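The next block is work-v1.cif, given as mmCIF, C-alpha atoms and all ligand atoms.
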data_target
loop_
_atom_site.label_atom_id
_atom_site.label_comp_id
_atom_site.auth_asym_id
_atom_site.auth_seq_id
_atom_site.Cartn_x
_atom_site.Cartn_y
_atom_site.Cartn_z
CA MET A 1 0.00 0.00 0.00
CA LEU A 2 1.27 3.51 -0.77
CA LYS A 3 2.02 5.69 2.18
CA ARG A 4 -0.08 8.83 2.41
CA ASN A 5 1.70 11.70 0.61
CA SER A 6 4.68 9.50 -0.27
CA PRO A 7 6.51 10.50 -3.46
CA GLU A 8 4.95 7.52 -5.28
CA SER A 9 1.43 8.44 -4.29
CA ASP A 10 -0.57 10.78 -6.48
CA ILE A 11 -1.35 12.92 -3.42
CA LYS A 12 1.53 15.21 -4.30
CA THR A 13 1.90 18.66 -2.78
CA GLU A 14 0.89 20.35 -6.02
CA ASN A 15 -2.36 18.35 -6.18
CA LEU A 16 -3.49 19.45 -2.74
CA GLN A 17 -5.60 22.55 -2.21
CA ARG A 18 -3.74 23.40 0.96
CA PRO A 19 -0.79 21.17 1.81
CA PRO A 20 0.20 21.01 5.51
CA ALA A 21 3.09 23.28 6.51
CA GLU A 22 5.57 20.38 6.90
CA GLN A 23 4.95 19.45 3.29
CA LEU A 24 4.76 22.98 1.89
CA TYR A 25 7.99 24.03 3.61
CA ALA A 26 9.75 20.66 3.53
CA GLU A 27 12.91 22.21 2.02
CA ASP A 28 13.19 24.84 4.77
CA LEU A 29 12.72 22.16 7.42
CA ALA A 30 15.33 19.87 5.87
CA ALA A 31 17.86 22.74 5.61
CA LEU A 32 17.28 23.76 9.22
CA GLN A 33 17.58 20.16 10.47
CA GLU A 34 20.85 19.79 8.62
CA ARG A 35 22.37 22.93 10.07
CA ASP A 36 20.91 22.27 13.53
CA ARG A 37 22.52 18.84 14.06
CA GLU A 38 24.77 19.83 16.94
CA ALA A 39 22.43 22.36 18.62
CA PRO A 40 20.86 21.39 21.95
CA LYS A 41 17.20 20.50 21.52
CA PRO A 42 14.41 19.93 24.03
CA PRO A 43 13.72 16.16 24.26
CA GLY A 44 11.42 14.98 21.49
CA TRP A 45 11.90 18.10 19.33
CA LEU A 46 13.10 17.89 15.72
CA LEU A 47 14.63 21.36 15.80
CA SER A 48 16.25 23.57 18.42
CA PRO A 49 14.20 26.56 19.68
CA LYS A 50 16.50 28.89 17.70
CA ALA A 51 15.87 26.97 14.46
CA VAL A 52 12.10 26.93 15.14
CA LEU A 53 12.26 30.73 15.39
CA ASP A 54 14.19 30.95 12.09
CA PHE A 55 11.65 28.66 10.43
CA ILE A 56 8.80 30.93 11.46
CA LEU A 57 10.31 34.38 11.01
CA GLY A 58 12.69 33.46 8.19
CA ASP A 59 16.44 33.76 7.93
CA ALA A 60 17.79 35.56 4.88
CA LYS A 61 21.35 34.22 5.38
CA GLY A 62 20.17 30.62 5.47
CA ASN A 63 17.69 31.21 2.61
CA ILE A 64 14.72 30.38 4.88
CA GLU A 65 11.58 32.21 3.79
CA PRO A 66 9.71 34.32 6.37
CA LYS A 67 6.26 32.86 7.09
CA PHE A 68 4.69 34.65 10.02
CA VAL A 69 4.88 38.42 10.55
CA GLY A 70 5.25 39.27 14.22
CA ARG A 71 7.62 40.40 16.92
CA ARG A 72 10.56 38.13 17.62
CA SER A 73 10.02 38.39 21.39
CA PHE A 74 6.42 37.23 20.98
CA ILE A 75 7.41 34.14 18.97
CA GLU A 76 10.18 33.37 21.47
CA CYS A 77 7.63 33.38 24.32
CA CYS A 78 5.36 31.02 22.35
CA ILE A 79 8.23 28.60 21.74
CA ILE A 80 9.42 28.77 25.34
CA ALA A 81 5.88 28.01 26.58
CA LEU A 82 6.07 24.75 24.65
CA VAL A 83 9.40 23.82 26.23
CA THR A 84 7.84 24.07 29.69
CA ASN A 85 5.32 21.72 31.21
CA ARG A 86 2.42 23.98 30.23
CA GLY A 87 0.43 24.13 27.02
CA LEU A 88 0.35 27.21 24.76
CA MET A 89 -2.90 29.12 24.27
CA LEU A 90 -2.95 31.58 21.37
CA ILE A 91 -5.73 34.13 21.68
CA GLY A 92 -6.68 37.08 19.50
CA ASP A 93 -9.07 38.52 16.95
CA PRO A 94 -10.20 36.36 14.02
CA GLY A 95 -7.79 36.32 11.07
CA THR A 96 -4.65 37.20 13.03
CA ALA A 97 -3.07 33.86 12.04
CA LYS A 98 -3.45 31.98 15.33
CA SER A 99 -4.15 28.73 13.49
CA TYR A 100 -1.38 29.37 10.98
CA LEU A 101 1.14 30.03 13.75
CA SER A 102 0.12 26.87 15.61
CA GLU A 103 0.50 24.92 12.37
CA LEU A 104 4.00 26.34 11.79
CA LEU A 105 5.04 25.53 15.36
CA ALA A 106 3.78 21.95 15.10
CA ALA A 107 5.46 21.45 11.72
CA ALA A 108 8.81 22.75 13.01
CA ILE A 109 8.79 21.02 16.39
CA SER A 110 7.12 17.68 15.60
CA GLY A 111 7.32 17.53 11.79
CA ASP A 112 3.54 16.97 11.81
CA SER A 113 0.85 19.64 12.02
CA THR A 114 -2.06 17.31 11.34
CA LEU A 115 -2.86 16.13 14.88
CA THR A 116 -5.64 18.67 15.07
CA ILE A 117 -8.87 18.76 17.02
CA GLN A 118 -11.48 21.24 15.82
CA GLY A 119 -13.34 22.56 18.84
CA SER A 120 -17.08 23.21 18.56
CA ALA A 121 -20.21 22.91 20.69
CA GLY A 122 -20.53 19.36 19.34
CA THR A 123 -16.97 18.14 20.04
CA THR A 124 -16.97 14.86 21.98
CA GLU A 125 -14.31 13.15 24.09
CA ASP A 126 -14.14 10.41 21.44
CA GLN A 127 -12.94 12.94 18.90
CA ILE A 128 -10.26 14.20 21.28
CA ARG A 129 -8.94 11.04 23.00
CA TYR A 130 -9.93 7.75 21.37
CA SER A 131 -12.93 5.76 20.21
CA TRP A 132 -13.54 2.10 19.37
CA ASN A 133 -13.87 -0.03 16.31
CA TYR A 134 -17.23 -1.49 17.28
CA ALA A 135 -16.92 -4.70 15.22
CA LEU A 136 -13.65 -5.57 17.00
CA LEU A 137 -14.99 -4.38 20.33
CA LEU A 138 -17.96 -6.75 20.06
CA SER A 139 -15.90 -9.72 18.89
CA GLU A 140 -12.81 -9.33 21.13
CA GLY A 141 -13.80 -6.92 23.87
CA PRO A 142 -11.70 -3.82 24.60
CA SER A 143 -8.16 -4.24 23.29
CA GLU A 144 -5.43 -2.04 21.86
CA ARG A 145 -6.35 -3.41 18.43
CA ALA A 146 -9.94 -2.23 18.82
CA LEU A 147 -8.92 1.24 19.98
CA VAL A 148 -9.15 4.01 17.37
CA ALA A 149 -6.66 6.73 18.28
CA ALA A 150 -7.79 10.37 18.07
CA PRO A 151 -5.26 13.26 17.92
CA LEU A 152 -4.66 13.50 21.69
CA TYR A 153 -3.92 9.76 22.01
CA ARG A 154 -1.56 9.94 19.03
CA GLY A 155 0.23 13.06 20.30
CA ILE A 156 0.79 11.41 23.67
CA SER A 157 1.98 8.08 22.28
CA GLU A 158 4.09 9.51 19.43
CA GLY A 159 5.51 12.46 21.41
CA LYS A 160 4.11 15.18 19.13
CA LEU A 161 2.34 18.50 19.46
CA VAL A 162 -1.45 18.37 19.36
CA ARG A 163 -3.34 21.39 18.02
CA PHE A 164 -6.68 22.18 19.64
CA GLU A 165 -8.47 24.76 17.49
CA GLU A 166 -11.08 27.03 19.11
CA LEU A 167 -10.85 25.22 22.43
CA SER A 168 -13.21 27.62 24.20
CA ARG A 169 -16.06 26.72 21.84
CA CYS A 170 -16.25 23.24 23.42
CA PRO A 171 -18.46 22.62 26.44
CA ILE A 172 -16.48 23.12 29.68
CA GLU A 173 -16.60 19.44 30.68
CA ILE A 174 -15.10 18.48 27.32
CA GLN A 175 -12.37 21.12 27.64
CA ASP A 176 -11.59 19.77 31.09
CA SER A 177 -10.77 16.36 29.67
CA LEU A 178 -7.37 17.96 29.00
CA LEU A 179 -6.73 18.60 32.69
CA SER A 180 -5.10 15.33 33.71
CA VAL A 181 -3.25 15.08 30.43
CA LEU A 182 -1.70 18.51 30.87
CA SER A 183 -0.84 18.16 34.54
CA ASP A 184 0.08 14.48 34.99
CA ARG A 185 1.00 13.85 31.36
CA VAL A 186 -0.91 10.58 31.27
CA LEU A 187 -4.03 9.41 29.49
CA HIS A 188 -6.18 6.90 31.34
CA ILE A 189 -7.94 4.24 29.31
CA PRO A 190 -10.16 2.59 31.94
CA GLU A 191 -11.64 0.11 29.43
CA LEU A 192 -8.26 -1.67 28.99
CA LYS A 193 -7.04 -4.13 31.58
CA GLY A 194 -3.61 -4.25 33.23
CA GLU A 195 -0.78 -1.89 32.52
CA ASN A 196 -2.26 -0.88 29.16
CA ASN A 197 -4.83 1.28 30.87
CA VAL A 198 -2.38 4.12 31.41
CA LEU A 199 -0.64 5.79 28.51
CA PHE A 200 2.36 7.90 29.57
CA ALA A 201 3.20 10.89 27.38
CA ARG A 202 6.39 10.56 25.36
CA GLN A 203 8.85 13.43 25.25
CA GLY A 204 7.79 16.02 22.67
CA PHE A 205 4.09 15.94 23.53
CA ASN A 206 2.35 19.21 24.33
CA VAL A 207 -0.82 21.08 23.35
CA ILE A 208 -1.22 24.32 21.36
CA ALA A 209 -4.74 25.67 21.65
CA THR A 210 -6.29 28.65 19.89
CA SER A 211 -9.23 30.78 20.89
CA ASN A 212 -10.84 33.67 19.16
CA THR A 213 -11.64 36.63 21.36
CA ARG A 214 -14.71 37.68 19.35
CA ASP A 215 -16.71 34.46 19.75
CA ARG A 216 -17.14 32.51 22.99
CA GLY A 217 -13.98 33.69 24.66
CA VAL A 218 -11.46 32.24 27.04
CA ASN A 219 -13.57 33.50 29.94
CA GLU A 220 -15.63 30.39 29.38
CA MET A 221 -12.66 28.20 30.36
CA SER A 222 -12.34 26.78 33.87
CA ALA A 223 -9.72 28.38 36.11
CA ALA A 224 -8.10 24.95 36.51
CA LEU A 225 -7.57 24.56 32.78
CA LYS A 226 -6.44 28.19 32.30
CA ARG A 227 -3.70 27.55 34.83
CA ARG A 228 -2.29 24.78 32.65
CA PHE A 229 -1.71 27.04 29.67
CA ASN A 230 0.57 29.99 28.97
CA PHE A 231 -1.56 32.62 27.23
CA GLU A 232 -0.09 34.61 24.35
CA THR A 233 -2.06 37.21 22.42
CA VAL A 234 -1.58 37.36 18.66
CA GLN A 235 -1.86 41.02 17.64
CA PRO A 236 -2.87 42.30 14.21
CA ILE A 237 0.18 43.44 12.19
CA PRO A 238 0.86 47.01 13.40
CA ASN A 239 3.24 48.03 10.62
CA ILE A 240 1.46 48.82 7.37
CA GLN A 241 4.57 48.18 5.23
CA GLU A 242 4.94 44.68 6.67
CA GLU A 243 1.26 43.98 6.10
CA PHE A 244 1.59 45.28 2.56
CA ALA A 245 4.51 42.93 1.83
CA LEU A 246 2.65 39.97 3.35
CA VAL A 247 -0.55 40.57 1.35
CA GLN A 248 1.48 40.90 -1.87
CA ARG A 249 3.45 37.74 -1.13
CA GLU A 250 0.48 35.61 -0.05
CA THR A 251 -1.81 36.62 -2.92
CA GLU A 252 1.01 35.91 -5.38
CA LYS A 253 1.52 32.46 -3.87
CA MET A 254 -2.20 31.66 -3.98
CA LEU A 255 -2.56 32.84 -7.58
CA LYS A 256 0.46 30.81 -8.64
CA ARG A 257 -0.97 27.73 -6.97
CA ALA A 258 -4.29 28.31 -8.76
CA GLY A 259 -2.44 28.47 -12.10
CA VAL A 260 -3.46 32.12 -12.58
CA SER A 261 -0.62 34.06 -14.22
CA ILE A 262 -1.37 37.57 -12.95
CA SER A 263 -0.48 39.38 -9.73
CA LEU A 264 -1.90 42.30 -7.80
CA PRO A 265 -0.32 45.57 -9.03
CA LEU A 266 1.59 47.24 -6.19
CA ASP A 267 -0.63 50.34 -6.17
CA LYS A 268 -3.76 48.16 -5.78
CA THR A 269 -2.19 46.26 -2.89
CA GLU A 270 -1.28 49.57 -1.27
CA VAL A 271 -4.87 50.81 -1.52
CA LEU A 272 -6.28 47.50 -0.29
CA VAL A 273 -3.98 47.26 2.73
CA THR A 274 -4.36 50.95 3.65
CA VAL A 275 -8.15 50.69 3.55
CA PHE A 276 -8.14 47.55 5.72
CA HIS A 277 -5.66 49.07 8.14
CA GLU A 278 -7.67 52.28 8.50
CA LEU A 279 -11.06 50.60 8.85
CA ARG A 280 -9.64 48.12 11.40
CA ASN A 281 -8.16 50.89 13.53
CA ALA A 282 -11.11 53.28 12.92
CA GLN A 283 -8.61 55.98 12.05
CA SER A 284 -7.32 57.39 8.78
CA ARG A 285 -3.59 57.79 8.22
CA GLU A 286 -4.15 61.56 8.39
CA GLY A 287 -5.39 61.04 11.97
CA LYS A 288 -9.14 61.40 11.34
CA SER A 289 -11.25 59.18 13.66
CA MET A 290 -14.04 57.10 12.18
CA ASP A 291 -16.98 55.08 13.43
CA PRO A 292 -15.64 51.54 14.01
CA ILE A 293 -17.21 48.91 11.79
CA SER A 294 -18.44 45.59 13.16
CA THR A 295 -16.56 43.43 10.63
CA VAL A 296 -13.07 42.25 11.56
CA MET A 297 -10.91 43.79 8.85
CA SER A 298 -8.12 41.26 9.36
CA THR A 299 -5.04 40.63 7.23
CA ALA A 300 -6.56 37.26 6.33
CA GLU A 301 -9.59 39.08 4.89
CA ALA A 302 -7.35 41.52 2.98
CA ILE A 303 -5.57 38.55 1.41
CA SER A 304 -8.86 36.93 0.39
CA VAL A 305 -10.18 40.18 -1.11
CA GLY A 306 -6.94 40.60 -3.11
CA TYR A 307 -7.12 36.99 -4.29
CA ALA A 308 -10.82 37.21 -5.20
CA ALA A 309 -10.27 40.51 -7.07
CA ALA A 310 -7.47 38.92 -9.12
CA MET A 311 -9.56 35.81 -9.91
CA HIS A 312 -12.48 38.04 -10.90
CA ALA A 313 -10.25 40.04 -13.26
CA PHE A 314 -8.60 36.91 -14.66
CA TYR A 315 -11.78 35.03 -15.46
CA TYR A 316 -14.02 37.92 -16.55
CA ASP A 317 -11.94 41.00 -17.44
CA ASP A 318 -8.75 40.24 -19.44
CA GLY A 319 -6.69 39.88 -16.27
CA ILE A 320 -6.59 43.66 -15.62
CA ILE A 321 -7.29 44.15 -11.90
CA ARG A 322 -9.33 47.30 -11.37
CA ALA A 323 -10.49 49.13 -8.26
CA GLU A 324 -14.05 47.86 -8.92
CA HIS A 325 -12.85 44.29 -8.47
CA ILE A 326 -11.50 45.22 -5.06
CA VAL A 327 -14.57 47.13 -3.88
CA SER A 328 -17.10 44.55 -5.07
CA ASN A 329 -15.12 41.70 -3.52
CA MET A 330 -14.76 43.62 -0.25
CA LEU A 331 -18.53 43.37 0.03
CA GLY A 332 -18.67 39.60 -0.29
CA SER A 333 -15.39 38.55 1.33
CA ALA A 334 -15.10 41.06 4.14
CA LEU A 335 -18.19 43.13 4.85
CA LYS A 336 -20.57 40.21 4.11
CA ASP A 337 -23.17 42.73 3.01
CA SER A 338 -23.74 44.03 6.53
CA GLY A 339 -25.95 47.10 5.89
CA ASP A 340 -24.57 49.21 8.69
CA ASP A 341 -20.95 48.56 7.73
CA VAL A 342 -21.65 49.39 4.07
CA LYS A 343 -23.05 52.75 5.26
CA LYS A 344 -19.85 53.37 7.22
CA LEU A 345 -17.75 52.36 4.21
CA ARG A 346 -19.62 54.91 2.10
CA HIS A 347 -18.88 57.54 4.73
CA TYR A 348 -15.19 56.54 4.60
CA PHE A 349 -15.18 56.99 0.83
CA GLU A 350 -16.68 60.48 1.07
CA HIS A 351 -14.63 61.75 4.00
CA VAL A 352 -11.27 60.03 3.59
CA VAL A 353 -10.78 58.55 0.11
CA ALA A 354 -12.30 61.57 -1.69
CA ASN A 355 -9.52 63.84 -0.37
CA ARG A 356 -6.58 61.67 -1.43
CA ALA A 357 -4.23 62.60 -4.24
CA GLY A 358 -2.85 60.08 -6.73
CA SER A 359 -4.48 58.28 -9.66
CA HIS A 360 -4.86 54.98 -7.74
CA TRP A 361 -6.86 56.72 -4.99
CA LYS A 362 -8.97 58.60 -7.59
CA GLU A 363 -9.74 55.28 -9.31
CA PHE A 364 -10.64 53.74 -5.97
CA TYR A 365 -12.93 56.66 -5.16
CA ALA A 366 -14.74 56.24 -8.50
CA ALA A 367 -15.25 52.55 -7.71
CA ARG A 368 -17.56 53.50 -4.83
CA ARG A 369 -20.36 53.11 -7.36
CA CYS A 370 -20.12 49.35 -6.70
CA LEU A 371 -21.75 50.10 -3.35
CA ASP A 372 -24.89 51.50 -5.02
CA GLY A 373 -27.96 49.50 -4.17
CA ARG A 374 -26.22 47.67 -1.28
N1 LIG A 401 0.88 38.06 11.18
C1 LIG A 401 0.67 37.28 10.11
N2 LIG A 401 1.70 36.62 9.55
C2 LIG A 401 1.51 35.81 8.49
N3 LIG A 401 0.32 35.58 7.93
C3 LIG A 401 -0.76 36.20 8.43
C4 LIG A 401 -0.64 37.09 9.56
N4 LIG A 401 -1.86 37.57 9.86
C5 LIG A 401 -2.72 37.00 8.98
N5 LIG A 401 -2.06 36.18 8.11
C6 LIG A 401 -2.70 35.45 7.02
O1 LIG A 401 -4.01 35.14 7.44
C7 LIG A 401 -4.33 33.77 7.16
C8 LIG A 401 -5.44 33.27 8.08
O2 LIG A 401 -5.04 33.14 9.36
P1 LIG A 401 -5.69 32.08 10.37
O3 LIG A 401 -6.79 31.32 9.76
O4 LIG A 401 -4.56 31.30 10.95
O5 LIG A 401 -6.29 33.10 11.42
P2 LIG A 401 -6.96 32.80 12.83
O6 LIG A 401 -6.40 33.82 13.75
O7 LIG A 401 -6.79 31.37 13.19
O8 LIG A 401 -8.47 33.15 12.53
P3 LIG A 401 -9.79 32.55 13.24
O9 LIG A 401 -9.86 33.15 14.61
O10 LIG A 401 -10.89 33.03 12.34
O11 LIG A 401 -9.66 31.06 13.27
C9 LIG A 401 -3.00 33.08 7.28
O12 LIG A 401 -3.00 31.88 6.58
C10 LIG A 401 -2.05 34.12 6.68
O13 LIG A 401 -2.06 34.00 5.27
MG MG A 402 -8.15 29.83 13.52
#

Now, as a test, write the supplied structure out as structure tokens.
Amino acid sequence: MLKRNSPESDIKTENLQRPPAEQLYAEDLAALQERDREAPKPPGWLLSPKAVLDFILGDAKGNIEPKFVGRRSFIECCIIALVTNRGLMLIGDPGTAKSYLSELLAAAISGDSTLTIQGSAGTTEDQIRYSWNYALLLSEGPSERALVAAPLYRGISEGKLVRFEELSRCPIEIQDSLLSVLSDRVLHIPELKGENNVLFARQGFNVIATSNTRDRGVNEMSAALKRRFNFETVQPIPNIQEEFALVQRETEKMLKRAGVSISLPLDKTEVLVTVFHELRNAQSREGKSMDPISTVMSTAEAISVGYAAAMHAFYYDDGIIRAEHIVSNMLGSALKDSGDDVKKLRHYFEHVVANRAGSHWKEFYAARRCLDGR
């Protein structure tokens, strides 16, 4: 049988819609492992904490591409949390790349970012710990063969990081099933007899959870569980130039992967990122305050508007990306047709965009007609 994602299999990186980070950045990981041979590493880690940092933030000298945009001291704290005997909880607004950062950390530290639990109101313990193959359970009774490992079981037995997405969306009693695992580092399997009923965590195991501060927040977590995590807040990118470079880079990558041979012109990216930055902070770059809008104008949304605008232009309009493509896709991808926010956007056009010099801003102002009738 072919191994999943082996070179012989047809599940090659280029055939996947979104390959996992360890596959997408396999070359960076191999180069870092090579150069990191002698460096001291925490037990069970594939890379040293310094190399994990270089993997995430990039290292021009070593030809490692930057992936996440954020302060070095923040990433260091995240990595150090994982070296300790506590889990790491990444909190922040939607679209600030909490999930992406947890994926990068898991890929660099464990070489596997796929041990992921998606938290929701319907998440059950079976999906977190383990369940049973009922045919085997009925014929043989509870045995290791009949046990179906879920991500937590696998992380513990293989010594890998487990990602728990949107942990605070799970009911409290389900969240608390992590308590003994995080403090005693064991998983009890009461159904199995003898010594098999306790699974001790191998070196390298830990948990990275994420929680979005706009939905059911971390306040819904028990104090006992909170104590077992180090909390780190992922902030939106404060520097507009860095956000600009990221949006340009990410949209280019996505378009290339989609086989679309155009890219966002620099002046369009500048307009897009400036508009998102200003609406997010409810302040124009000239210092004018605005009514905050209810939509999260995250970098992730800016990237999807840029991508959608380019696809729109490519498939319908000779590949020339115009301001109209950006404005009309802002409605669907970001503002989701929220009436109140569209009103505020119109106000922004009339009071901020209208006064800007430069042909790209004039073109953007003219594109406000796409808001008519919304
Ligand atoms: N600081 C950043 N560095 C790199 N990429 C970023 C950054 N901020 C946003 N992005 C982009 O945004 C995308 C989406 O981020 P992601 O889904 O991880 O956000 P999230 O915080 O988990 O959102 P949610 O709370 O909705 O789950 C990333 O894949 C990346 O392309
Ligand atoms: Mg997420």

10 Å from ligand LIG 401 (chain A) is the threshold here; counting all atoms listed in the file, which polymer residues fall inside it? Answer as a PyMOL selection string.
chain A and resi 56-57+66-71+90-104+165-166+210-215+234-238+242-243+246-247+249-251+253-254+296+298-304

Would you work out the distance separating CA of Leu192 in chain A from CA of Ser143 in chain A, expressed in Å to one decimal?
6.3 Å

Using the file's own x, y and z axes, what box holds all listed atoms of range 41-51 of chain A with 6 Å on each side, keeping edges along x, y and z, and what are its centre and edge lengths in Å to one decimal, as AutoDock Vina command-line options?
--center_x 14.3 --center_y 21.9 --center_z 19.4 --size_x 17.8 --size_y 25.9 --size_z 21.8

Mind checking which residues fall within 9 Å of Asp340 in chain A, counting only C-alpha atoms, ignoring those fewer than 5 positions away in the same chain, and posting them as a list in words?
Ile293, Ser294 and Leu345 of chain A

Work out how far CA of Ile208 in chain A is from CA of Ala223 in chain A, in Å to one decimal.
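Atom-to-atom, CA of Ala223 in chain A and CA of Ile208 in chain A are spaced 17.5 Å apart.
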
Under the rule that all atoms listed in the file are counted, which of A:Phe276, A:Tyr153, A:Tyr365, A:Asp112 is the nearest residue to Leu335 in chain A?
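Residue with the minimum atom-to-atom distance to Leu335 in chain A: A:Phe276.
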
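In this structure, CA of Arg169 in chain A sits 18.3 Å away from CA of Leu115 in chain A.
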
Would you kindly return, as a short mmCIF file (atom, residue, chain, number, x, y, z; two decimals) with C-alpha atoms, in the frame of the given file, each protein, DNA or RNA residue with an atom no farther than 10 Å from any atom of Ala354 in chain A, considering all atoms listed in the file and excluding same-chain residues fewer than 6 positions away?
data_model
loop_
_atom_site.label_atom_id
_atom_site.label_comp_id
_atom_site.auth_asym_id
_atom_site.auth_seq_id
_atom_site.Cartn_x
_atom_site.Cartn_y
_atom_site.Cartn_z
CA TYR A 348 -15.19 56.54 4.60
CA TRP A 361 -6.86 56.72 -4.99
CA LYS A 362 -8.97 58.60 -7.59
CA PHE A 364 -10.64 53.74 -5.97
CA TYR A 365 -12.93 56.66 -5.16
CA ALA A 366 -14.74 56.24 -8.50
#

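Each of A:Leu46, A:Leu147, A:Val352, A:Leu371 was compared to Ile189 in chain A using only C-alpha atoms, and A:Leu147 turns out to be the nearest.
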
Please identify all polymer residues within 9 Å of range 105-107 of chain A, counting all atoms listed in the file, omitting same-chain residues fewer than 4 positions from it, and present them as a list in words.
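Listing them by chain and then by number gives Pro20, Ala21, Glu22, Gln23, Tyr25, Leu29, Val52, Leu53, Phe55, Ile56, Cys78, Ile79, Tyr100, Leu101, Gly111, Asp112, Ser113, Thr114, Leu115, Lys160, Leu161, Val162, Arg163 and Ile208 of chain A.
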
For Asn133 in chain A, list every protein, DNA or RNA residue within 12 Å, evaluated using only C-alpha atoms, and leave out those in the same chain fewer than 6 positions away; present the list as a PyMOL selection string.
chain A and resi 126+139-149

Across A:Asn85, A:Gln17, A:Asn206, A:Thr116, the smallest distance to ligand MG 402 (chain A), with only C-alpha atoms and all ligand atoms counted, is shown by A:Thr116

Would you mind telling me which residue in A:Gly87, A:Gly358, A:Gly119, A:Gly194 lies nearest to ligand MG 402 (chain A) when using all atoms listed in the file?
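Ranked by minimum distance to ligand MG 402 (chain A), first place goes to A:Gly119.
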
Selection: 8 Å around His277 in chain A, all atoms listed in the file, excl. self and same-chain fewer than 4 positions, as a ChimeraX atom specification
/A:240,273,281,297

Counting only C-alpha atoms and all ligand atoms, the option among A:Cys170, A:Phe164, A:Lys343, A:Asn15 closest to ligand MG 402 (chain A):
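Closest to ligand MG 402 (chain A), using only C-alpha atoms and all ligand atoms: A:Phe164.
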
Counting all atoms listed in the file, the residue of A:Ile117, A:Ile172, A:Val83, A:Ala310 that sits nearest Glu252 in chain A
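Among the listed residues, A:Ala310 lies closest to Glu252 in chain A.
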